[in-house]
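**Student:** Below you'll find structure_30.pdb; it's PDB, C-alpha atoms, pLDDT in the B column.
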```pdb
MODEL        1
ATOM      1  CA  MET A  18     -43.280  23.913  16.616  1.00 45.00           C
ATOM      2  CA  GLN A  19     -43.649  27.652  16.034  1.00 44.00           C
ATOM      3  CA  PRO A  20     -43.330  28.809  19.677  1.00 46.00           C
ATOM      4  CA  SER A  21     -40.138  26.831  20.236  1.00 48.00           C
ATOM      5  CA  ARG A  22     -38.606  28.254  17.030  1.00 49.00           C
ATOM      6  CA  ASN A  23     -39.354  31.759  18.272  1.00 51.00           C
ATOM      7  CA  SER A  24     -37.724  31.062  21.591  1.00 54.00           C
ATOM      8  CA  SER A  25     -34.687  29.539  19.876  1.00 55.00           C
ATOM      9  CA  THR A  26     -34.367  32.623  17.668  1.00 58.00           C
ATOM     10  CA  GLU A  27     -34.533  34.895  20.701  1.00 59.00           C
ATOM     11  CA  SER A  28     -31.779  32.978  22.442  1.00 58.00           C
ATOM     12  CA  ASP A  29     -29.640  33.100  19.284  1.00 61.00           C
ATOM     13  CA  VAL A  30     -30.070  36.870  19.120  1.00 58.00           C
ATOM     14  CA  GLN A  31     -29.167  37.212  22.794  1.00 58.00           C
ATOM     15  CA  SER A  32     -26.010  35.117  22.454  1.00 58.00           C
ATOM     16  CA  GLU A  33     -24.956  37.042  19.344  1.00 58.00           C
ATOM     17  CA  VAL A  34     -25.386  40.320  21.227  1.00 56.00           C
ATOM     18  CA  SER A  35     -23.226  39.047  24.086  1.00 54.00           C
ATOM     19  CA  VAL A  36     -20.502  37.957  21.640  1.00 54.00           C
ATOM     20  CA  ILE A  37     -20.543  41.284  19.835  1.00 56.00           C
ATOM     21  CA  THR A  38     -20.282  43.367  23.006  1.00 66.00           C
ATOM     22  CA  GLU A  39     -17.336  41.349  24.410  1.00 80.00           C
ATOM     23  CA  ARG A  40     -13.947  42.965  23.783  1.00 90.00           C
ATOM     24  CA  PRO A  41     -12.130  40.899  21.152  1.00 95.00           C
ATOM     25  CA  TRP A  42      -8.662  39.404  21.460  1.00 95.00           C
ATOM     26  CA  ASN A  43      -6.067  40.581  18.986  1.00 97.00           C
ATOM     27  CA  VAL A  44      -3.344  38.452  17.445  1.00 98.00           C
ATOM     28  CA  ILE A  45      -0.217  40.596  17.117  1.00 98.00           C
ATOM     29  CA  VAL A  46       2.767  39.856  14.879  1.00 98.00           C
ATOM     30  CA  TRP A  47       6.003  41.642  15.783  1.00 97.00           C
ATOM     31  CA  ASN A  48       8.758  42.824  13.485  1.00 95.00           C
ATOM     32  CA  ASP A  49      12.195  41.242  13.441  1.00 93.00           C
ATOM     33  CA  PRO A  50      15.237  42.145  11.333  1.00 94.00           C
ATOM     34  CA  VAL A  51      15.885  38.711   9.818  1.00 96.00           C
ATOM     35  CA  THR A  52      12.646  37.265   8.416  1.00 97.00           C
ATOM     36  CA  PRO A  53      12.345  37.824   4.643  1.00 96.00           C
ATOM     37  CA  MET A  54       9.244  39.844   3.705  1.00 96.00           C
ATOM     38  CA  THR A  55       8.048  37.209   1.251  1.00 97.00           C
ATOM     39  CA  VAL A  56       8.115  34.598   4.010  1.00 98.00           C
ATOM     40  CA  VAL A  57       5.840  36.722   6.202  1.00 98.00           C
ATOM     41  CA  VAL A  58       3.371  37.132   3.326  1.00 98.00           C
ATOM     42  CA  VAL A  59       3.381  33.395   2.610  1.00 98.00           C
ATOM     43  CA  ILE A  60       2.782  32.540   6.272  1.00 98.00           C
ATOM     44  CA  PHE A  61      -0.148  34.972   6.532  1.00 98.00           C
ATOM     45  CA  LYS A  62      -1.688  33.521   3.359  1.00 98.00           C
ATOM     46  CA  ARG A  63      -1.277  29.960   4.569  1.00 97.00           C
ATOM     47  CA  ILE A  64      -2.610  30.489   8.083  1.00 98.00           C
ATOM     48  CA  PHE A  65      -5.408  33.008   7.519  1.00 98.00           C
ATOM     49  CA  GLY A  66      -6.232  32.496   3.833  1.00 97.00           C
ATOM     50  CA  TYR A  67      -6.172  36.254   3.248  1.00 98.00           C
ATOM     51  CA  SER A  68      -5.666  37.714  -0.243  1.00 97.00           C
ATOM     52  CA  SER A  69      -2.139  38.484  -1.398  1.00 97.00           C
ATOM     53  CA  ASN A  70      -2.848  42.227  -1.174  1.00 98.00           C
ATOM     54  CA  LYS A  71      -4.083  41.994   2.402  1.00 98.00           C
ATOM     55  CA  CYS A  72      -1.106  39.852   3.423  1.00 98.00           C
ATOM     56  CA  THR A  73       1.293  42.332   1.829  1.00 98.00           C
ATOM     57  CA  ASP A  74      -0.415  45.270   3.587  1.00 98.00           C
ATOM     58  CA  LEU A  75      -0.178  43.474   6.940  1.00 98.00           C
ATOM     59  CA  MET A  76       3.471  42.580   6.344  1.00 98.00           C
ATOM     60  CA  LEU A  77       4.262  46.228   5.529  1.00 98.00           C
ATOM     61  CA  THR A  78       2.474  47.373   8.693  1.00 98.00           C
ATOM     62  CA  VAL A  79       4.627  44.962  10.715  1.00 97.00           C
ATOM     63  CA  HIS A  80       7.741  46.200   8.916  1.00 96.00           C
ATOM     64  CA  HIS A  81       7.061  49.931   9.310  1.00 96.00           C
ATOM     65  CA  GLU A  82       5.246  50.076  12.648  1.00 97.00           C
ATOM     66  CA  GLY A  83       6.946  47.208  14.436  1.00 96.00           C
ATOM     67  CA  ARG A  84       3.736  45.236  14.894  1.00 97.00           C
ATOM     68  CA  ALA A  85       0.349  44.598  13.320  1.00 98.00           C
ATOM     69  CA  VAL A  86      -2.978  43.193  14.446  1.00 98.00           C
ATOM     70  CA  VAL A  87      -3.452  40.319  12.027  1.00 98.00           C
ATOM     71  CA  TRP A  88      -6.666  38.859  13.428  1.00 98.00           C
ATOM     72  CA  SER A  89      -9.298  39.749  16.074  1.00 97.00           C
ATOM     73  CA  GLY A  90     -12.000  37.677  17.701  1.00 97.00           C
ATOM     74  CA  GLN A  91     -12.593  34.988  20.290  1.00 95.00           C
ATOM     75  CA  ARG A  92      -9.781  34.239  22.712  1.00 92.00           C
ATOM     76  CA  GLU A  93      -9.537  30.525  21.875  1.00 92.00           C
ATOM     77  CA  ARG A  94      -9.219  31.171  18.149  1.00 95.00           C
ATOM     78  CA  ALA A  95      -6.778  34.007  18.772  1.00 95.00           C
ATOM     79  CA  GLU A  96      -4.540  31.688  20.814  1.00 93.00           C
ATOM     80  CA  SER A  97      -4.839  28.996  18.177  1.00 94.00           C
ATOM     81  CA  TYR A  98      -3.741  31.411  15.431  1.00 97.00           C
ATOM     82  CA  CYS A  99      -0.943  32.686  17.686  1.00 96.00           C
ATOM     83  CA  VAL A 100       0.358  29.130  18.132  1.00 94.00           C
ATOM     84  CA  LYS A 101       0.215  28.540  14.352  1.00 96.00           C
ATOM     85  CA  LEU A 102       2.205  31.728  13.732  1.00 97.00           C
ATOM     86  CA  GLN A 103       4.792  30.791  16.360  1.00 95.00           C
ATOM     87  CA  VAL A 104       5.086  27.282  14.931  1.00 95.00           C
ATOM     88  CA  ALA A 105       5.759  28.913  11.559  1.00 97.00           C
ATOM     89  CA  GLY A 106       8.535  30.910  13.195  1.00 96.00           C
ATOM     90  CA  LEU A 107       7.019  34.380  13.546  1.00 97.00           C
ATOM     91  CA  GLN A 108       6.984  36.313  16.808  1.00 96.00           C
ATOM     92  CA  ALA A 109       3.310  36.473  17.743  1.00 96.00           C
ATOM     93  CA  THR A 110       1.314  37.230  20.878  1.00 96.00           C
ATOM     94  CA  VAL A 111      -2.304  37.769  21.862  1.00 95.00           C
ATOM     95  CA  GLU A 112      -3.710  40.727  23.762  1.00 94.00           C
ATOM     96  CA  ARG A 113      -7.163  41.954  24.631  1.00 92.00           C
ATOM     97  CA  ASP A 114      -8.434  44.834  22.522  1.00 88.00           C
ATOM     98  CA  ALA A 115      -8.036  48.109  24.420  1.00 83.00           C
TER      99      ALA A 115
ATOM    100  CA  MET B   3      24.273  29.298  -5.803  1.00 50.00           C
ATOM    101  CA  ALA B   4      23.148  29.425  -9.417  1.00 61.00           C
ATOM    102  CA  GLY B   5      19.607  28.575 -10.481  1.00 83.00           C
ATOM    103  CA  LYS B   6      16.575  27.937  -8.342  1.00 92.00           C
ATOM    104  CA  LEU B   7      17.023  25.746  -5.289  1.00 95.00           C
ATOM    105  CA  PHE B   8      13.329  24.845  -4.999  1.00 97.00           C
ATOM    106  CA  VAL B   9      10.876  24.550  -7.861  1.00 96.00           C
ATOM    107  CA  ARG B  10       7.135  23.933  -7.635  1.00 96.00           C
ATOM    108  CA  ARG B  11       6.203  21.467 -10.380  1.00 95.00           C
ATOM    109  CA  ARG B  12       2.873  21.214 -12.183  1.00 94.00           C
ATOM    110  CA  ASP B  13       1.920  18.109 -10.229  1.00 96.00           C
ATOM    111  CA  GLY B  14       2.172  20.130  -6.999  1.00 95.00           C
ATOM    112  CA  ARG B  15       5.423  18.635  -5.739  1.00 97.00           C
ATOM    113  CA  ILE B  16       8.364  20.805  -4.787  1.00 97.00           C
ATOM    114  CA  GLU B  17      11.608  19.781  -6.426  1.00 97.00           C
ATOM    115  CA  VAL B  18      14.662  20.174  -4.182  1.00 97.00           C
ATOM    116  CA  ARG B  19      17.755  21.064  -6.219  1.00 96.00           C
ATOM    117  CA  LEU B  20      20.198  21.339  -3.329  1.00 95.00           C
ATOM    118  CA  ASN B  21      23.611  19.742  -3.667  1.00 94.00           C
ATOM    119  CA  ASP B  22      25.244  17.750  -0.853  1.00 94.00           C
ATOM    120  CA  VAL B  23      26.668  20.882   0.774  1.00 94.00           C
ATOM    121  CA  GLY B  24      23.266  22.576   0.786  1.00 94.00           C
ATOM    122  CA  ARG B  25      21.537  19.523   2.213  1.00 96.00           C
ATOM    123  CA  ALA B  26      24.199  19.193   4.909  1.00 96.00           C
ATOM    124  CA  ALA B  27      23.671  22.836   5.892  1.00 95.00           C
ATOM    125  CA  ILE B  28      19.922  22.321   6.095  1.00 96.00           C
ATOM    126  CA  ARG B  29      20.323  19.071   8.028  1.00 96.00           C
ATOM    127  CA  GLU B  30      22.297  20.922  10.678  1.00 96.00           C
ATOM    128  CA  VAL B  31      19.603  23.581  10.992  1.00 96.00           C
ATOM    129  CA  PHE B  32      16.761  21.054  11.283  1.00 96.00           C
ATOM    130  CA  ALA B  33      18.675  19.004  13.848  1.00 96.00           C
ATOM    131  CA  HIS B  34      19.225  22.115  15.964  1.00 95.00           C
ATOM    132  CA  VAL B  35      15.497  22.897  16.030  1.00 96.00           C
ATOM    133  CA  LEU B  36      14.575  19.354  17.032  1.00 94.00           C
ATOM    134  CA  ALA B  37      17.242  19.274  19.742  1.00 95.00           C
ATOM    135  CA  ALA B  38      16.152  22.676  21.053  1.00 94.00           C
ATOM    136  CA  GLU B  39      12.543  21.603  21.334  1.00 90.00           C
ATOM    137  CA  ARG B  40      13.479  18.469  23.258  1.00 90.00           C
ATOM    138  CA  ASP B  41      16.253  19.856  25.460  1.00 92.00           C
ATOM    139  CA  PRO B  42      15.305  22.586  27.975  1.00 91.00           C
ATOM    140  CA  ASP B  43      18.996  23.494  28.319  1.00 94.00           C
ATOM    141  CA  HIS B  44      19.506  24.095  24.600  1.00 94.00           C
ATOM    142  CA  GLU B  45      20.293  27.762  23.867  1.00 94.00           C
ATOM    143  CA  TRP B  46      17.345  28.004  21.454  1.00 94.00           C
ATOM    144  CA  HIS B  47      14.824  26.439  23.830  1.00 91.00           C
ATOM    145  CA  LEU B  48      13.611  29.703  25.355  1.00 89.00           C
ATOM    146  CA  SER B  49      13.195  31.397  22.008  1.00 88.00           C
ATOM    147  CA  LEU B  50      11.032  28.480  20.867  1.00 89.00           C
ATOM    148  CA  ASN B  51       8.826  28.853  23.920  1.00 85.00           C
ATOM    149  CA  ALA B  52       7.982  32.541  23.985  1.00 85.00           C
ATOM    150  CA  PRO B  53       4.768  33.367  25.891  1.00 88.00           C
ATOM    151  CA  ILE B  54       1.547  33.472  23.928  1.00 89.00           C
ATOM    152  CA  ASN B  55      -0.001  36.108  26.192  1.00 88.00           C
ATOM    153  CA  PRO B  56       2.784  38.140  27.814  1.00 85.00           C
ATOM    154  CA  SER B  57       0.335  39.921  30.138  1.00 83.00           C
ATOM    155  CA  SER B  58      -0.721  36.609  31.671  1.00 80.00           C
ATOM    156  CA  ASP B  59       1.258  34.899  34.415  1.00 72.00           C
ATOM    157  CA  ASP B  60       0.545  31.500  32.944  1.00 76.00           C
ATOM    158  CA  ASP B  61      -0.157  30.651  29.351  1.00 79.00           C
ATOM    159  CA  ASP B  62      -2.693  28.023  28.463  1.00 81.00           C
ATOM    160  CA  PRO B  63      -0.703  24.767  28.869  1.00 83.00           C
ATOM    161  CA  LEU B  64      -2.619  23.122  26.017  1.00 84.00           C
ATOM    162  CA  SER B  65      -1.634  25.910  23.632  1.00 83.00           C
ATOM    163  CA  SER B  66       1.998  25.668  24.709  1.00 84.00           C
ATOM    164  CA  LEU B  67       1.986  21.890  24.372  1.00 86.00           C
ATOM    165  CA  GLY B  68       0.368  22.138  20.951  1.00 86.00           C
ATOM    166  CA  ARG B  69       3.075  24.509  19.802  1.00 86.00           C
ATOM    167  CA  GLN B  70       5.892  22.290  21.104  1.00 85.00           C
ATOM    168  CA  ASN B  71       4.399  19.233  19.419  1.00 87.00           C
ATOM    169  CA  GLU B  72       3.954  21.052  16.128  1.00 90.00           C
ATOM    170  CA  ILE B  73       7.461  22.519  16.092  1.00 89.00           C
ATOM    171  CA  ALA B  74       8.964  19.116  16.902  1.00 89.00           C
ATOM    172  CA  SER B  75       6.742  17.397  14.313  1.00 91.00           C
ATOM    173  CA  ASN B  76       7.766  19.860  11.591  1.00 95.00           C
ATOM    174  CA  ALA B  77      11.445  19.355  12.448  1.00 96.00           C
ATOM    175  CA  GLU B  78      11.048  15.567  12.493  1.00 95.00           C
ATOM    176  CA  LEU B  79       9.247  15.559   9.142  1.00 96.00           C
ATOM    177  CA  SER B  80      11.908  17.848   7.710  1.00 97.00           C
ATOM    178  CA  ILE B  81      14.711  15.554   8.862  1.00 96.00           C
ATOM    179  CA  MET B  82      12.913  12.472   7.550  1.00 96.00           C
ATOM    180  CA  THR B  83      12.586  14.054   4.096  1.00 97.00           C
ATOM    181  CA  LEU B  84      16.082  15.528   3.912  1.00 95.00           C
ATOM    182  CA  LYS B  85      17.240  13.230   1.122  1.00 95.00           C
ATOM    183  CA  GLU B  86      14.080  13.490  -0.978  1.00 96.00           C
ATOM    184  CA  GLN B  87      14.286  15.031  -4.416  1.00 96.00           C
ATOM    185  CA  PHE B  88      10.585  15.935  -4.319  1.00 97.00           C
ATOM    186  CA  LEU B  89       8.526  17.211  -1.380  1.00 97.00           C
ATOM    187  CA  ASN B  90       4.765  17.293  -1.158  1.00 97.00           C
ATOM    188  CA  ASP B  91       3.039  20.458   0.038  1.00 96.00           C
ATOM    189  CA  ALA B  92       3.005  19.511   3.742  1.00 96.00           C
ATOM    190  CA  GLU B  93       6.655  18.478   3.674  1.00 97.00           C
ATOM    191  CA  GLY B  94       7.627  21.712   1.930  1.00 97.00           C
ATOM    192  CA  TRP B  95       5.698  23.679   4.536  1.00 97.00           C
ATOM    193  CA  ALA B  96       7.479  21.789   7.330  1.00 97.00           C
ATOM    194  CA  TRP B  97      10.843  22.715   5.772  1.00 98.00           C
ATOM    195  CA  LEU B  98       9.837  26.369   5.521  1.00 98.00           C
ATOM    196  CA  SER B  99       8.509  26.508   9.103  1.00 97.00           C
ATOM    197  CA  THR B 100      11.550  24.750  10.551  1.00 97.00           C
ATOM    198  CA  LEU B 101      13.977  26.974   8.656  1.00 98.00           C
ATOM    199  CA  GLN B 102      12.110  30.079   9.793  1.00 97.00           C
ATOM    200  CA  VAL B 103      12.064  28.872  13.434  1.00 97.00           C
ATOM    201  CA  ALA B 104      15.832  28.328  13.201  1.00 97.00           C
ATOM    202  CA  LEU B 105      16.426  31.732  11.618  1.00 97.00           C
ATOM    203  CA  ARG B 106      14.475  33.617  14.262  1.00 96.00           C
ATOM    204  CA  SER B 107      16.013  31.576  17.109  1.00 96.00           C
ATOM    205  CA  THR B 108      19.478  32.396  15.785  1.00 96.00           C
ATOM    206  CA  ALA B 109      18.593  36.082  15.795  1.00 96.00           C
ATOM    207  CA  VAL B 110      17.062  35.986  19.277  1.00 95.00           C
ATOM    208  CA  VAL B 111      19.896  34.122  21.033  1.00 95.00           C
ATOM    209  CA  ASN B 112      22.459  36.444  19.446  1.00 95.00           C
ATOM    210  CA  GLY B 113      20.535  39.581  20.375  1.00 94.00           C
ATOM    211  CA  LEU B 114      20.015  40.579  16.735  1.00 94.00           C
ATOM    212  CA  LEU B 115      16.826  42.490  17.331  1.00 90.00           C
ATOM    213  CA  SER B 116      17.486  45.479  15.064  1.00 91.00           C
ATOM    214  CA  ASP B 117      18.877  46.101  11.578  1.00 91.00           C
ATOM    215  CA  GLU B 118      21.932  47.813  13.102  1.00 93.00           C
ATOM    216  CA  LYS B 119      22.724  44.826  15.345  1.00 93.00           C
ATOM    217  CA  LEU B 120      22.299  42.476  12.397  1.00 93.00           C
ATOM    218  CA  GLU B 121      24.677  44.405  10.155  1.00 91.00           C
ATOM    219  CA  SER B 122      27.344  44.638  12.870  1.00 94.00           C
ATOM    220  CA  CYS B 123      27.326  40.975  13.935  1.00 94.00           C
ATOM    221  CA  ALA B 124      30.229  38.567  13.350  1.00 95.00           C
ATOM    222  CA  PRO B 125      30.791  37.728   9.649  1.00 95.00           C
ATOM    223  CA  GLU B 126      30.383  33.970  10.197  1.00 95.00           C
ATOM    224  CA  LEU B 127      27.062  34.512  11.945  1.00 96.00           C
ATOM    225  CA  LEU B 128      25.904  36.882   9.216  1.00 96.00           C
ATOM    226  CA  ASP B 129      26.854  34.249   6.627  1.00 95.00           C
ATOM    227  CA  ASP B 130      24.742  31.638   8.422  1.00 95.00           C
ATOM    228  CA  ILE B 131      21.800  34.035   8.563  1.00 96.00           C
ATOM    229  CA  ARG B 132      22.106  35.023   4.899  1.00 96.00           C
ATOM    230  CA  THR B 133      22.231  31.335   3.905  1.00 96.00           C
ATOM    231  CA  MET B 134      19.039  30.564   5.827  1.00 97.00           C
ATOM    232  CA  GLN B 135      17.371  33.670   4.368  1.00 97.00           C
ATOM    233  CA  GLN B 136      18.321  32.543   0.856  1.00 96.00           C
ATOM    234  CA  PHE B 137      16.833  29.076   1.423  1.00 97.00           C
ATOM    235  CA  LEU B 138      13.684  30.634   2.868  1.00 97.00           C
ATOM    236  CA  PHE B 139      13.349  33.209   0.123  1.00 96.00           C
ATOM    237  CA  GLU B 140      13.486  30.528  -2.555  1.00 96.00           C
ATOM    238  CA  LEU B 141      11.259  28.064  -0.736  1.00 97.00           C
ATOM    239  CA  ALA B 142       8.653  30.773  -0.053  1.00 97.00           C
ATOM    240  CA  ALA B 143       8.371  31.336  -3.811  1.00 96.00           C
ATOM    241  CA  CYS B 144       6.874  27.816  -4.069  1.00 97.00           C
ATOM    242  CA  PHE B 145       3.875  28.770  -1.889  1.00 95.00           C
TER     243      PHE B 145
ENDMDL
END
```
The structure given in the file should be rewritten as structure tokens.
**Tutor:**
Amino acid sequence: MQPSRNSSTESDVQSEVSVITERPWNVIVWNDPVTPMTVVVVIFKRIFGYSSNKCTDLMLTVHHEGRAVVWSGQRERAESYCVKLQVAGLQATVERDA
Amino acid sequence: MAGKLFVRRRDGRIEVRLNDVGRAAIREVFAHVLAAERDPDHEWHLSLNAPINPSSDDDDPLSSLGRQNEIASNAELSIMTLKEQFLNDAEGWAWLSTLQVALRSTAVVNGLLSDEKLESCAPELLDDIRTMQQFLFELAACF
């Protein structure tokens, strides 16, 4: 059993390295002049499960800078989060990290 | 509108304290969202189907379909629960999502993409927007 466990561990390490070196996909939320700030915070909390402080910081970044990266990672998950944000009525897109 | 319109009770339900006028206003909003999702010619349809990845020629059709289904499902659930005095958590979330979709669609189709444009829009339109914002503001306090 030992040799196969070693080989499995090696392959796990290799796949982790390949995931880490791939450029992540960012989920972007864009500012708009009508959405109440508290609604943005509530949506972030519901979809990502972030703390209230983190959600408020992200909301303020959207408000002041026009956009914020609210999540980064695998493309499929980024698109899934983007869909959830759009379904909740926020303007959201995905883009590859520069 | 005096007093809270939505109250989260200890048992987890959300109490809806809207009068008939308030419920009629919300019914109209929910019906618009459902119609827009089903009718490609509806003025809100494009704003409900913004691209997920603007740099890509084609978005993932499964993601787009998932979004359409979810928006329509939220609107349907919202309409089905319009007369309820108490909403469970999922129903309350469907109301909030549908209201927010309607609010942003209203802004997009009327070109209200800045604070200046919003403040200078027609008074009736601004009234509609402020009403939706008030509903959203109070409902968000339950989450």
**Student:** Just how far from atom CA of Gln135 of chain B is atom CA of Pro50 of chain A, in Å to one decimal?
**Tutor:**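 Between atom CA of Pro50 of chain A and atom CA of Gln135 of chain B the gap works out to 11.2 Å.
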**Student:** Exactly which residues make up the result of the PyMOL selection byres ((chain A) within 8 of (chain B)) on this file, given as a list in words?
**Tutor:**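 Given this file, the PyMOL selection byres ((chain A) within 8 of (chain B)) evaluates to Asp49, Pro50, Val51, Thr52, Pro53, Thr55, Val56, Val59, Glu96, Ser97, Cys99, Val100, Lys101, Gln103, Val104, Ala105, Gly106, Leu107, Ala109, Thr110, Val111 and Glu112 of chain A.
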**Student:** Choose the residue, out of A:Met76, A:Ala85, A:Ile64, A:Val57, that has the smallest atom-to-atom separation from Ile45 of chain A; count only C-alpha atoms.
**Tutor:**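 Of the candidates, the smallest distance to Ile45 of chain A is held by A:Ala85.
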**Student:** Which residues come within 7 Å of Arg19 of chain B, counting all atoms listed in the file, excluding same-chain residues fewer than 2 positions away, as a ChimeraX atom specification?
**Tutor:** /B:7-8,17,21
**Student:** Grab the atom CA of Gln91 of chain A to atom CA of Glu39 of chain A distance for me, in Å with one decimal place.
**Tutor:**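 Atom CA of Glu39 of chain A lies at a distance of 8.9 Å from atom CA of Gln91 of chain A.
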**Student:** Give, as AutoDock Vina command-line options, the centre coordinates and the x, y and z edge lengths in Å to one decimal for an axis-aligned box around all listed atoms of segment 85-92 of chain A, padded by 6 Å on each side.
**Tutor:**
```
--center_x -6.1 --center_y 39.4 --center_z 17.4 --size_x 24.9 --size_y 22.4 --size_z 22.7
```
**Student:** I need the output of the PyMOL selection byres ((chain A and resi 78) around 12) for this file as a CSV table (one decimal) with C-alpha atoms, in the frame of the given file; which residues are they?
**Tutor:**
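Result written to expr_25.csv:
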```csv
chain,number,residue,atom,x,y,z
A,45,ILE,CA,-0.2,40.6,17.1
A,46,VAL,CA,2.8,39.9,14.9
A,47,TRP,CA,6.0,41.6,15.8
A,48,ASN,CA,8.8,42.8,13.5
A,54,MET,CA,9.2,39.8,3.7
A,57,VAL,CA,5.8,36.7,6.2
A,58,VAL,CA,3.4,37.1,3.3
A,71,LYS,CA,-4.1,42.0,2.4
A,72,CYS,CA,-1.1,39.9,3.4
A,73,THR,CA,1.3,42.3,1.8
A,74,ASP,CA,-0.4,45.3,3.6
A,75,LEU,CA,-0.2,43.5,6.9
A,76,MET,CA,3.5,42.6,6.3
A,77,LEU,CA,4.3,46.2,5.5
A,79,VAL,CA,4.6,45.0,10.7
A,80,HIS,CA,7.7,46.2,8.9
A,81,HIS,CA,7.1,49.9,9.3
A,82,GLU,CA,5.2,50.1,12.6
A,83,GLY,CA,6.9,47.2,14.4
A,84,ARG,CA,3.7,45.2,14.9
A,85,ALA,CA,0.3,44.6,13.3
A,86,VAL,CA,-3.0,43.2,14.4
A,87,VAL,CA,-3.5,40.3,12.0
```
**Student:** What is the distance between atom CA of Leu102 of chain A and atom CA of Ala26 of chain B, in Å to one decimal?
**Tutor:**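 Spanning atom CA of Leu102 of chain A to atom CA of Ala26 of chain B is a straight-line distance of 26.8 Å.
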**Student:** Evaluating the PyMOL selection byres ((chain A and resi 113) around 8) on the displayed file yields which residues, as an MDAnalysis selection string?
**Tutor:** chainID A and resid 40:43 111:112 114:115
**Student:** Emit the selected residues as a compact mmCIF listing (two decimals), in the frame of the given file, including C-alpha atoms.
**Tutor:**
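selection-v3.txt written:
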```txt
# COMPACT_ATOMS: atom_id res chain seq x y z
CA ARG A 40 -13.95 42.96 23.78
CA PRO A 41 -12.13 40.90 21.15
CA TRP A 42 -8.66 39.40 21.46
CA ASN A 43 -6.07 40.58 18.99
CA VAL A 111 -2.30 37.77 21.86
CA GLU A 112 -3.71 40.73 23.76
CA ASP A 114 -8.43 44.83 22.52
CA ALA A 115 -8.04 48.11 24.42
```
**Student:** For Asp91 of chain B, find every residue with an atom within 8 Å (counting only C-alpha atoms), except residues of its own chain fewer than 3 positions away, and show them as a PyMOL selection string.
**Tutor:** chain B and resi 14-16+94-95
